[in-house]
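Below: one structure, written as structure tokens.
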Amino acid sequence: MMEISVNAQAIAYLVSAILFILALKGLTHPASAQRGNYLAMAGMVIAIVATLMGSEVRSYGFILAGVAVGGVIGTVIAMRIQMTAMPQLVAALHSFVGMAAVLVAIGTFLNKQADGLLNSVLMGELSAGIIIGAITFSGSVIAFGKLQGMISGRPVKFKGQHLLNALLAIATIGFAVHFALTESTVSLTIMTLLAFTLGFTLIIPIGGADMPVIVSMLNSYSGWAAAATGFTLQNNLLIIVGALVGFSGAILSLIMCRAMNRSIFNVVFGGFGTAGVEGDSAADDAMQKGVKSAAIEDAIYWMEDANKVIIIPGYGMAVAQAQHSMKELMEQLEARGVEVKFAIHPVAGRMPGHMNVLLAEADIPYENVVEMDEINPEFATADVALVVGANDVVNPAAKDDPTSPIYGMPVLDAGKAHHVFVIKRSMRPGYSGVENRLYYQDNTSLIFGDAKDVSEGMVNQLKGSAH
Amino acid sequence: MMEISVNAQAIAYLVSAILFILALKGLTHPASAQRGNYLAMAGMVIAIVATLMGSEVRSYGFILAGVAVGGVIGTVIAMRIQMTAMPQLVAALHSFVGMAAVLVAIGTFLNKQADGLLNSVLMGELSAGIIIGAITFSGSVIAFGKLQGMISGRPVKFKGQHLLNALLAIATIGFAVHFALTESTVSLTIMTLLAFTLGFTLIIPIGGADMPVIVSMLNSYSGWAAAATGFTLQNNLLIIVGALVGFSGAILSLIMCRAMNRSIFNVVFGGFGTAGVEGDSAADDAMQKGVKSAAIEDAIYWMEDANKVIIIPGYGMAVAQAQHSMKELMEQLEARGVEVKFAIHPVAGRMPGHMNVLLAEADIPYENVVEMDEINPEFATADVALVVGANDVVNPAAKDDPTSPIYGMPVLDAGKAHHVFVIKRSMRPGYSGVENRLYYQDNTSLIFGDAKDVSEGMVNQLKGSAH
Amino acid sequence: MPETLVALYIFVLSCFIGYWVIWGVTPSLHTPLIALTNAISGIVIVGALLVTGLEGVGTTAEIIGFFAVLLASINVFGGFLVTNRMLAMFNKKKK
Amino acid sequence: MPETLVALYIFVLSCFIGYWVIWGVTPSLHTPLIALTNAISGIVIVGALLVTGLEGVGTTAEIIGFFAVLLASINVFGGFLVTNRMLAMFNKKKK
Ligand SMILES: NC(=O)c1ccc[n+]([C@@H]2O[C@H](COP(=O)([O-])OP(=O)(O)OC[C@H]3O[C@@H](n4cnc5c(N)ncnc54)[C@H](OP(=O)(O)O)[C@@H]3O)[C@@H](O)[C@H]2O)c1
Ligand SMILES: NC(=O)c1ccc[n+]([C@@H]2O[C@H](COP(=O)([O-])OP(=O)(O)OC[C@H]3O[C@@H](n4cnc5c(N)ncnc54)[C@H](OP(=O)(O)O)[C@@H]3O)[C@@H](O)[C@H]2O)c1
């Protein structure tokens, strides 16, 4: 392979870093987003080619094998995955980055040791890379398990758990210091194992419902792990990119916490969203609690003659994959002269921007998709608010019940519409585990059933009825 | 003096750079702006102290003398200067930065030559520093002269001027290349002189009215000159700060050009704002042209019983220093239950944010100061629009006359108010030299006179009349 | 300036860029942002290549490097493709 | 990495920061921004100090350096103080 000088490589890395920055800037607007992704791909190709062409890389066998196998696996996963499984996918991919960072650090250690190039600063940086990488790995594995339903979503709490974590963390750092000072492989090994353990024990106690925030936090960690690797390898590209990713994860966690009106501490140490009320027969339950249940026909009756219908999608729409039926419902109603809008709460669903992706998938035009602050004043003039598998994001307690755990979180004013119909399967609460008084309002009726089934039913009825 | 290591110095410089960045970030909001300025001061102190404590600085005599003299001059200027003279002050200060950059580059050349450390890359960087610095210097001197009225504001145009500039630029670069390759002091000298000349010939042809954009462009240059100095001295702090300043000037020029709906090319090569119609006797002129002129009493009559008065300050208010009378006028009217707002056009006055500074100086509360986009819909419901020394920013031709040179520039809809009163001294046009049809509208009356005199007259009348 | 200090400068400056570029992302693209940064964090592949490709590297290091390359590659390919799928959805609406 | 390349990295990253930090400034503070960046560009004083203070520097260089320090100092003092005066006006209104 043609070889390039160290300087040429450094310039290639700089170009690559610029491309990554411009790529993220592309996400400022949907119109430039895809170009952004291509820029990032170009950046990655330049980085990889420049590395391979550098004088440091001499043997290509294992590299080609690794890229080939990894490339195929990655491609297959990316093509097969359903949009609704994005949180799990992201968690899984983070675990890979974390593990790769650990492996790179250990490999670097072995190489430098063989060449007698170790020193304390380097070993300190290596330890940082290994610890952050290992926590990212095992934490992400747990997050993946919880999101995928392979591990119970319940927070596994036990007494003295914070003490245990604190001791583990201190021990990890202790062995890291010992390693940095003495080059002891035993300490290195123990440190690595402790860091893996710490990832498990930190994340296991957190309820499944809080996983999205955790995934984003781990995203941030994976960035810092890459940056730490950059310090050990004195590779500025890794440092730049690591910082970008690190901030991305951190800021997104912050955004989620703010939108839920909680602190990141509360998420990591709180154990929330775990009430887990087991609903029995939906209708029975409803009767007991005094909510009105309605049939599809009732909703159609009010919607087909309405002037304005606002649809509020939530996590349930994602689970049921009902976005395409939403599109059809919108079209049917629009054909009858009804104005249809979708109201997006910033933390509806389980990832920031979750609903936007799903509605985009179903080809629903931008103009019909409105953010919370803009749509809230419109509910008062809407004939029908149709809540599709959303719960917390329309809970009025967030506004007027200071004792509620979600008090202070900004919500959609669905209850102000003339009629409110809620599609959900039971009386079970949503993510936060908090009861929703909206269901007991006079103008609210619940339509029990899976979001996709119910909305398809609506579409069929509308198609059947002449207009 | 205690000495610090190169590493400690590098860390101090990094801290200083961080402080400068945070300082600029502080200007995101008026509440954090002053803290921002203090952060920048701290950054500067750290940078200077770290430099003095470094091993490279050995003799302090000339340094102390320079700082003392410069400090006194700077302090006196800053305390004495009137807010309305800011554009001139900024131009003068830029010229100093430019000259300092030239001197630093020449001094560095002499030092490195004495130590036999010259090479082509370094001499190339030195040339860049000298050229940019010299253009900044002489350009700023001209800008200062035009703004201060010491040099005619008229564009000094002559045939072949662009050709001359192009030849000068090519010659400058030619001598720079020769210098970098041969270390010839003669080439260095000629290059420097040519660069100074180029600064003059580039800026002289530009009309005085376009100076604000030019000043901002020169601000940008002064940043790039600092960055070039950073390259020659391998000083990363200079590079970082230079880039920040460079972008600041460039973005502000861009903002001004956009708000005027012109391109930077048009400003640099256009020659605009120079119609220079010499008005004779104001009233005569007005009669001829068919505008209505009014007395102070007429305006008071409509304003004192109004529900809403919108005041539009412009360049004339700045010239007349009428901002304090505006405050009094506002208070008098508010005491009569009139709602008073100030409408700010983004390029009213002669610098971006010019009006905001003056109104802030006069202690007019934020809430009463409204930006263009927000206030425009309100004119239709205002009883009186009082235009105080503003002209182009209320010219309806920008909206509806595609042949006008200012067509496309967004303007304030003053003409939509029930009554429009305009305070100005004559029928002379404003900055752009374009006639203003607003003056001939049926609901418009002109009050001829200096903005301060007229507004003081209004205040006195209001104070006199019982309420 | 020693390499470690250079690294520190670059790290600090990159943190500022990270701060601004991420706050600039429009909320409706937050999910694609997660996917994209995930792909980008596959940049550790550069480290993996350096470990694996070193001349005269021991077999242990080589095998370790192989797995690092493999895992990072999954990330790079998977991340970019899934981002692309997602953004394609946003894009087709504009036509 | 050679110093010139380090400088290039730092320059490029700083340009991005400059871009974002300046667009973030609120329009009503554009005049103070001009004054503040003016003061900040007085950072060339660092270069001036390095030129002037060098051991065994010739008299010519020393005199050149003296004027550079003087001019840069005017900028630093004048720029910060005038910015301060201006911002003080914005501030008092809040009370
Ligand atoms: N978006 C983010 O970034 C993010 C991150 C972290 C946390 N969160 C949290 O997630 C919550 C999001 O609120 P949300 O209103 O979207 O969801 P939610 O409060 O979790 O409620 C979802 C509702 O959908 C119903 N549902 C589930 N599957 C369904 C199906 N197949 N068909 C019909 N309905 C179904 C559930 O009721 P049934 O079981 O009775 O059907 C449930 O009430 C907020 O509390 C937010 O703080 C969001
Ligand atoms: N703000 C910026 O950043 C910036 C930068 C570059 C260019 N500009 C340009 O500057 C212009 C600003 O518009 P503008 O409406 O504020 O000003 P303008 O269009 O320049 O008009 C100023 C008016 O004030 C009057 N005037 C002058 N001195 C006066 C005094 N002592 N008392 C009363 N009136 C007086 C003048 O008329 P008389 O002579 O008849 O009194 C003139 O008509 C725009 O064209 C803009 O593009 C602005």
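Here, A, B, ... name the chains of the structure tokens in the order displayed, residue numbers run from 1 inside each chain, and ligands are numbered from 1 in the same displayed order.
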
Do you know which residues are at most 10 Å from Ile4 of chain B counting only C-alpha atoms, after dropping those on the same chain fewer than 3 positions away, and could you put them as a ChimeraX atom specification? /B:1,7-9,50-55

Is it possible to get the superposed chain D, fitted on chain C over all Cα pairs by sequence order, as a compact mmCIF listing (two decimals) with N, CA and C atoms, in the first residue's frame?
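Writing done, so here's part-v4.txt:
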```
# COMPACT_ATOMS: atom_id res chain seq x y z
N MET D 1 5.61 22.59 22.46
CA MET D 1 4.70 22.13 23.50
C MET D 1 4.70 20.60 23.50
N PRO D 2 4.79 19.95 24.65
CA PRO D 2 4.77 18.49 24.66
C PRO D 2 3.43 17.96 24.17
N GLU D 3 3.46 16.73 23.61
CA GLU D 3 2.25 16.16 23.01
C GLU D 3 1.05 16.14 23.95
N THR D 4 1.29 15.86 25.22
CA THR D 4 0.15 15.76 26.14
C THR D 4 -0.55 17.11 26.28
N LEU D 5 0.25 18.18 26.26
CA LEU D 5 -0.38 19.50 26.36
C LEU D 5 -1.12 19.83 25.07
N VAL D 6 -0.53 19.47 23.95
CA VAL D 6 -1.23 19.67 22.68
C VAL D 6 -2.58 18.97 22.75
N ALA D 7 -2.53 17.72 23.23
CA ALA D 7 -3.77 16.95 23.33
C ALA D 7 -4.78 17.67 24.22
N LEU D 8 -4.29 18.26 25.29
CA LEU D 8 -5.18 18.97 26.21
C LEU D 8 -5.83 20.18 25.51
N TYR D 9 -5.01 20.95 24.80
CA TYR D 9 -5.55 22.10 24.05
C TYR D 9 -6.66 21.62 23.11
N ILE D 10 -6.34 20.57 22.37
CA ILE D 10 -7.29 20.11 21.36
C ILE D 10 -8.55 19.59 22.02
N PHE D 11 -8.37 18.92 23.14
CA PHE D 11 -9.53 18.40 23.87
C PHE D 11 -10.43 19.55 24.33
N VAL D 12 -9.83 20.55 24.94
CA VAL D 12 -10.63 21.66 25.46
C VAL D 12 -11.38 22.38 24.33
N LEU D 13 -10.66 22.66 23.25
CA LEU D 13 -11.33 23.36 22.15
C LEU D 13 -12.46 22.50 21.58
N SER D 14 -12.22 21.19 21.48
CA SER D 14 -13.26 20.31 20.93
C SER D 14 -14.48 20.27 21.83
N CYS D 15 -14.26 20.38 23.13
CA CYS D 15 -15.40 20.38 24.04
C CYS D 15 -16.31 21.57 23.74
N PHE D 16 -15.71 22.74 23.51
CA PHE D 16 -16.55 23.89 23.18
C PHE D 16 -17.33 23.63 21.89
N ILE D 17 -16.65 23.07 20.91
CA ILE D 17 -17.33 22.80 19.64
C ILE D 17 -18.46 21.81 19.87
N GLY D 18 -18.18 20.76 20.65
CA GLY D 18 -19.22 19.78 20.95
C GLY D 18 -20.43 20.44 21.58
N TYR D 19 -20.17 21.30 22.53
CA TYR D 19 -21.25 22.00 23.21
C TYR D 19 -22.14 22.73 22.20
N TRP D 20 -21.52 23.53 21.34
CA TRP D 20 -22.35 24.34 20.44
C TRP D 20 -22.99 23.53 19.34
N VAL D 21 -22.24 22.60 18.78
CA VAL D 21 -22.79 21.89 17.63
C VAL D 21 -23.98 21.04 18.08
N ILE D 22 -23.92 20.46 19.26
CA ILE D 22 -25.02 19.61 19.69
C ILE D 22 -26.25 20.43 20.08
N TRP D 23 -26.05 21.53 20.78
CA TRP D 23 -27.23 22.35 21.10
C TRP D 23 -27.89 22.86 19.84
N GLY D 24 -27.15 22.92 18.76
CA GLY D 24 -27.73 23.42 17.52
C GLY D 24 -28.64 22.42 16.82
N VAL D 25 -28.56 21.16 17.21
CA VAL D 25 -29.36 20.15 16.51
C VAL D 25 -30.85 20.34 16.82
N THR D 26 -31.65 20.28 15.80
CA THR D 26 -33.08 20.50 15.99
C THR D 26 -33.71 19.29 16.71
N PRO D 27 -34.62 19.54 17.67
CA PRO D 27 -35.16 18.44 18.48
C PRO D 27 -35.75 17.30 17.66
N SER D 28 -36.36 17.60 16.52
CA SER D 28 -36.99 16.50 15.79
C SER D 28 -35.94 15.54 15.24
N LEU D 29 -34.66 15.93 15.25
CA LEU D 29 -33.62 15.02 14.76
C LEU D 29 -32.80 14.42 15.90
N HIS D 30 -33.33 14.44 17.11
CA HIS D 30 -32.54 13.92 18.21
C HIS D 30 -32.29 12.42 18.11
N THR D 31 -33.26 11.66 17.63
CA THR D 31 -33.00 10.23 17.50
C THR D 31 -31.94 9.95 16.43
N PRO D 32 -32.04 10.56 15.23
CA PRO D 32 -30.93 10.39 14.28
C PRO D 32 -29.60 10.87 14.86
N LEU D 33 -29.62 11.91 15.68
CA LEU D 33 -28.37 12.38 16.28
C LEU D 33 -27.73 11.27 17.11
N ILE D 34 -28.56 10.59 17.89
CA ILE D 34 -28.03 9.50 18.71
C ILE D 34 -27.39 8.44 17.81
N ALA D 35 -28.08 8.10 16.73
CA ALA D 35 -27.55 7.07 15.83
C ALA D 35 -26.26 7.55 15.17
N LEU D 36 -26.24 8.81 14.79
CA LEU D 36 -25.06 9.32 14.08
C LEU D 36 -23.85 9.39 15.02
N THR D 37 -24.04 9.90 16.22
CA THR D 37 -22.88 9.98 17.12
C THR D 37 -22.43 8.58 17.47
N ASN D 38 -23.36 7.66 17.50
CA ASN D 38 -23.01 6.28 17.74
C ASN D 38 -22.06 5.78 16.65
N ALA D 39 -22.45 6.05 15.40
CA ALA D 39 -21.59 5.66 14.29
C ALA D 39 -20.24 6.34 14.39
N ILE D 40 -20.27 7.62 14.70
CA ILE D 40 -19.03 8.39 14.74
C ILE D 40 -18.11 7.87 15.85
N SER D 41 -18.71 7.41 16.95
CA SER D 41 -17.84 6.95 18.03
C SER D 41 -17.13 5.67 17.63
N GLY D 42 -17.53 5.09 16.51
CA GLY D 42 -16.78 3.99 15.94
C GLY D 42 -15.39 4.40 15.50
N ILE D 43 -15.08 5.68 15.65
CA ILE D 43 -13.74 6.18 15.32
C ILE D 43 -12.65 5.46 16.12
N VAL D 44 -13.04 4.79 17.21
CA VAL D 44 -12.03 4.00 17.94
C VAL D 44 -11.42 2.97 17.01
N ILE D 45 -12.04 2.74 15.87
CA ILE D 45 -11.45 1.81 14.90
C ILE D 45 -10.04 2.25 14.53
N VAL D 46 -9.82 3.54 14.52
CA VAL D 46 -8.47 4.03 14.20
C VAL D 46 -7.47 3.49 15.23
N GLY D 47 -7.87 3.56 16.49
CA GLY D 47 -7.01 3.00 17.53
C GLY D 47 -6.83 1.50 17.32
N ALA D 48 -7.91 0.83 16.97
CA ALA D 48 -7.84 -0.61 16.77
C ALA D 48 -6.90 -0.96 15.62
N LEU D 49 -6.96 -0.18 14.55
CA LEU D 49 -6.06 -0.43 13.42
C LEU D 49 -4.61 -0.25 13.85
N LEU D 50 -4.35 0.78 14.62
CA LEU D 50 -2.98 1.05 15.03
C LEU D 50 -2.45 -0.08 15.90
N VAL D 51 -3.32 -0.62 16.76
CA VAL D 51 -2.88 -1.72 17.63
C VAL D 51 -2.60 -2.98 16.81
N THR D 52 -3.51 -3.26 15.88
CA THR D 52 -3.42 -4.51 15.14
C THR D 52 -2.32 -4.53 14.09
N GLY D 53 -2.12 -3.36 13.45
CA GLY D 53 -1.25 -3.35 12.28
C GLY D 53 0.22 -3.15 12.60
N LEU D 54 0.54 -2.90 13.84
CA LEU D 54 1.91 -2.61 14.22
C LEU D 54 2.84 -3.74 13.81
N GLU D 55 4.01 -3.36 13.30
CA GLU D 55 4.97 -4.37 12.87
C GLU D 55 5.45 -5.16 14.09
N GLY D 56 5.61 -6.46 13.88
CA GLY D 56 6.18 -7.29 14.93
C GLY D 56 5.35 -7.33 16.20
N VAL D 57 4.06 -7.04 16.05
CA VAL D 57 3.20 -7.09 17.22
C VAL D 57 3.00 -8.56 17.62
N GLY D 58 2.90 -8.81 18.91
CA GLY D 58 2.72 -10.20 19.37
C GLY D 58 1.36 -10.75 18.98
N THR D 59 1.21 -12.05 19.02
CA THR D 59 -0.06 -12.68 18.61
C THR D 59 -1.21 -12.27 19.53
N THR D 60 -0.92 -12.21 20.83
CA THR D 60 -1.97 -11.79 21.75
C THR D 60 -2.52 -10.43 21.33
N ALA D 61 -1.62 -9.48 21.15
CA ALA D 61 -2.05 -8.13 20.78
C ALA D 61 -2.79 -8.17 19.45
N GLU D 62 -2.34 -9.03 18.57
CA GLU D 62 -2.96 -9.09 17.25
C GLU D 62 -4.41 -9.59 17.36
N ILE D 63 -4.59 -10.59 18.21
CA ILE D 63 -5.95 -11.14 18.36
C ILE D 63 -6.84 -10.12 19.07
N ILE D 64 -6.29 -9.52 20.10
CA ILE D 64 -7.05 -8.46 20.79
C ILE D 64 -7.45 -7.39 19.77
N GLY D 65 -6.47 -7.00 18.95
CA GLY D 65 -6.72 -5.98 17.94
C GLY D 65 -7.81 -6.40 16.97
N PHE D 66 -7.75 -7.68 16.57
CA PHE D 66 -8.74 -8.18 15.63
C PHE D 66 -10.16 -7.98 16.17
N PHE D 67 -10.34 -8.35 17.45
CA PHE D 67 -11.69 -8.18 18.02
C PHE D 67 -12.07 -6.71 18.14
N ALA D 68 -11.07 -5.89 18.44
CA ALA D 68 -11.37 -4.45 18.52
C ALA D 68 -11.82 -3.93 17.16
N VAL D 69 -11.10 -4.34 16.11
CA VAL D 69 -11.48 -3.91 14.76
C VAL D 69 -12.87 -4.41 14.43
N LEU D 70 -13.14 -5.65 14.78
CA LEU D 70 -14.44 -6.24 14.46
C LEU D 70 -15.57 -5.46 15.13
N LEU D 71 -15.43 -5.26 16.44
CA LEU D 71 -16.50 -4.56 17.17
C LEU D 71 -16.69 -3.14 16.64
N ALA D 72 -15.56 -2.45 16.43
CA ALA D 72 -15.67 -1.07 15.95
C ALA D 72 -16.31 -1.05 14.57
N SER D 73 -16.00 -2.05 13.75
CA SER D 73 -16.59 -2.07 12.39
C SER D 73 -18.09 -2.26 12.44
N ILE D 74 -18.56 -3.12 13.34
CA ILE D 74 -20.00 -3.30 13.47
C ILE D 74 -20.64 -1.94 13.72
N ASN D 75 -20.01 -1.21 14.61
CA ASN D 75 -20.51 0.10 14.98
C ASN D 75 -20.54 1.07 13.82
N VAL D 76 -19.43 1.10 13.09
CA VAL D 76 -19.33 2.04 11.98
C VAL D 76 -20.37 1.70 10.92
N PHE D 77 -20.38 0.46 10.48
CA PHE D 77 -21.32 0.09 9.41
C PHE D 77 -22.76 0.20 9.91
N GLY D 78 -23.02 -0.46 11.06
CA GLY D 78 -24.37 -0.44 11.58
C GLY D 78 -24.86 0.98 11.83
N GLY D 79 -24.02 1.79 12.46
CA GLY D 79 -24.41 3.14 12.83
C GLY D 79 -24.74 4.00 11.63
N PHE D 80 -23.84 4.02 10.63
CA PHE D 80 -24.10 4.88 9.48
C PHE D 80 -25.32 4.42 8.70
N LEU D 81 -25.44 3.10 8.53
CA LEU D 81 -26.56 2.63 7.71
C LEU D 81 -27.89 2.89 8.38
N VAL D 82 -27.93 2.69 9.68
CA VAL D 82 -29.21 2.92 10.35
C VAL D 82 -29.55 4.41 10.36
N THR D 83 -28.53 5.24 10.50
CA THR D 83 -28.77 6.69 10.43
C THR D 83 -29.32 7.04 9.05
N ASN D 84 -28.71 6.44 8.07
CA ASN D 84 -29.13 6.72 6.71
C ASN D 84 -30.59 6.31 6.50
N ARG D 85 -30.94 5.14 6.98
CA ARG D 85 -32.33 4.70 6.84
C ARG D 85 -33.27 5.70 7.47
N MET D 86 -32.89 6.13 8.66
CA MET D 86 -33.76 7.04 9.40
C MET D 86 -33.90 8.38 8.68
N LEU D 87 -32.76 8.93 8.23
CA LEU D 87 -32.81 10.24 7.59
C LEU D 87 -33.52 10.17 6.26
N ALA D 88 -33.44 9.04 5.60
CA ALA D 88 -34.13 8.91 4.32
C ALA D 88 -35.63 9.14 4.52
N MET D 89 -36.13 8.70 5.69
CA MET D 89 -37.56 8.91 5.96
C MET D 89 -37.89 10.39 6.06
N PHE D 90 -36.99 11.14 6.69
CA PHE D 90 -37.25 12.57 6.81
C PHE D 90 -37.19 13.24 5.46
N ASN D 91 -36.34 12.70 4.61
CA ASN D 91 -36.08 13.37 3.36
C ASN D 91 -37.18 13.21 2.35
N LYS D 92 -37.72 12.01 2.25
CA LYS D 92 -38.66 11.77 1.16
C LYS D 92 -39.88 12.67 1.26
N LYS D 93 -40.14 13.12 2.48
CA LYS D 93 -41.31 13.97 2.65
C LYS D 93 -41.22 15.29 1.91
N LYS D 94 -40.01 15.70 1.60
CA LYS D 94 -39.86 17.02 1.00
C LYS D 94 -40.26 17.06 -0.46
N LYS D 95 -40.35 15.89 -1.06
CA LYS D 95 -40.58 15.90 -2.52
C LYS D 95 -42.03 16.22 -2.86
```

Residues within 7 Å of ligand 1 (only C-alpha atoms and all ligand atoms), as number ranges by chain? A: 209-213, 256, 259-260, 313-317, 319-320, 346-354, 388-394, 423-432, 449-452

Out of segment 152-190 of chain A, which residues get alpha helix (DSSP H) from DSSP, as a PyMOL selection string? chain A and resi 161-182+185-190

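Using only C-alpha atoms, the residues found no farther than 8 Å from segment 409-414 of chain B, other than those of its own chain fewer than 5 positions away, are Arg258, Ala259, Met260, Asn261, Ala343, His345, Met372, Asn376, Phe379, Ala385, Val387, Asp392, Val393, Val394, Asn395, Pro396, Ala398, Lys399 and Val420 of chain B.
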
Shell of 8 Å around Ala23 of chain A, only C-alpha atoms, local chain residues under 5 positions omitted, as a CSV table (one decimal) with all heavy atoms, in the first residue's frame:
```csv
chain,number,residue,atom,x,y,z
A,33,ALA,N,-29.7,17.2,6.8
A,33,ALA,CA,-29.3,16.1,7.7
A,33,ALA,C,-28.7,14.9,6.9
A,33,ALA,O,-27.6,14.4,7.3
A,33,ALA,CB,-30.5,15.6,8.5
A,35,ARG,N,-27.2,14.9,4.0
A,35,ARG,CA,-25.9,15.3,3.5
A,35,ARG,C,-24.9,15.2,4.7
A,35,ARG,O,-23.7,14.8,4.5
A,35,ARG,CB,-25.9,16.8,3.0
A,35,ARG,CG,-24.7,17.1,2.2
A,35,ARG,CD,-24.7,18.5,1.8
A,35,ARG,NE,-24.8,19.4,2.9
A,35,ARG,CZ,-25.5,20.6,3.0
A,35,ARG,NH1,-26.1,21.0,1.9
A,35,ARG,NH2,-25.5,21.3,4.1
A,36,GLY,N,-25.4,15.6,5.9
A,36,GLY,CA,-24.5,15.5,7.1
A,36,GLY,C,-24.0,14.1,7.3
A,36,GLY,O,-22.8,13.8,7.5
A,37,ASN,N,-24.9,13.1,7.1
A,37,ASN,CA,-24.5,11.7,7.3
A,37,ASN,C,-23.5,11.3,6.3
A,37,ASN,O,-22.5,10.6,6.6
A,37,ASN,CB,-25.8,10.8,7.2
A,37,ASN,CG,-25.5,9.4,7.7
A,37,ASN,OD1,-24.8,9.2,8.7
A,37,ASN,ND2,-26.1,8.4,7.1
A,38,TYR,N,-23.6,11.8,5.1
A,38,TYR,CA,-22.6,11.4,4.1
A,38,TYR,C,-21.3,12.1,4.4
A,38,TYR,O,-20.2,11.4,4.2
A,38,TYR,CB,-23.1,11.9,2.7
A,38,TYR,CG,-24.3,11.1,2.2
A,38,TYR,CD1,-25.4,11.8,1.6
A,38,TYR,CD2,-24.4,9.7,2.3
A,38,TYR,CE1,-26.5,11.1,1.2
A,38,TYR,CE2,-25.5,9.0,1.8
A,38,TYR,CZ,-26.5,9.7,1.3
A,38,TYR,OH,-27.6,9.0,0.9
A,39,LEU,N,-21.3,13.3,4.9
A,39,LEU,CA,-20.1,13.9,5.3
A,39,LEU,C,-19.4,13.1,6.4
A,39,LEU,O,-18.1,12.9,6.3
A,39,LEU,CB,-20.3,15.3,5.8
A,39,LEU,CG,-20.8,16.4,4.8
A,39,LEU,CD1,-21.0,17.7,5.5
A,39,LEU,CD2,-19.8,16.5,3.7
A,40,ALA,N,-20.2,12.6,7.3
A,40,ALA,CA,-19.6,11.8,8.4
A,40,ALA,C,-19.0,10.5,7.8
A,40,ALA,O,-17.9,10.1,8.2
A,40,ALA,CB,-20.6,11.5,9.5
```

What is the distance, in Å and to one decimal place, between atom CA of Val340 of chain B and atom CA of Val309 of chain B? 5.0 Å

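Relative to atom CA of Gln461 of chain B, atom CA of His324 of chain B is found at 16.3 Å.
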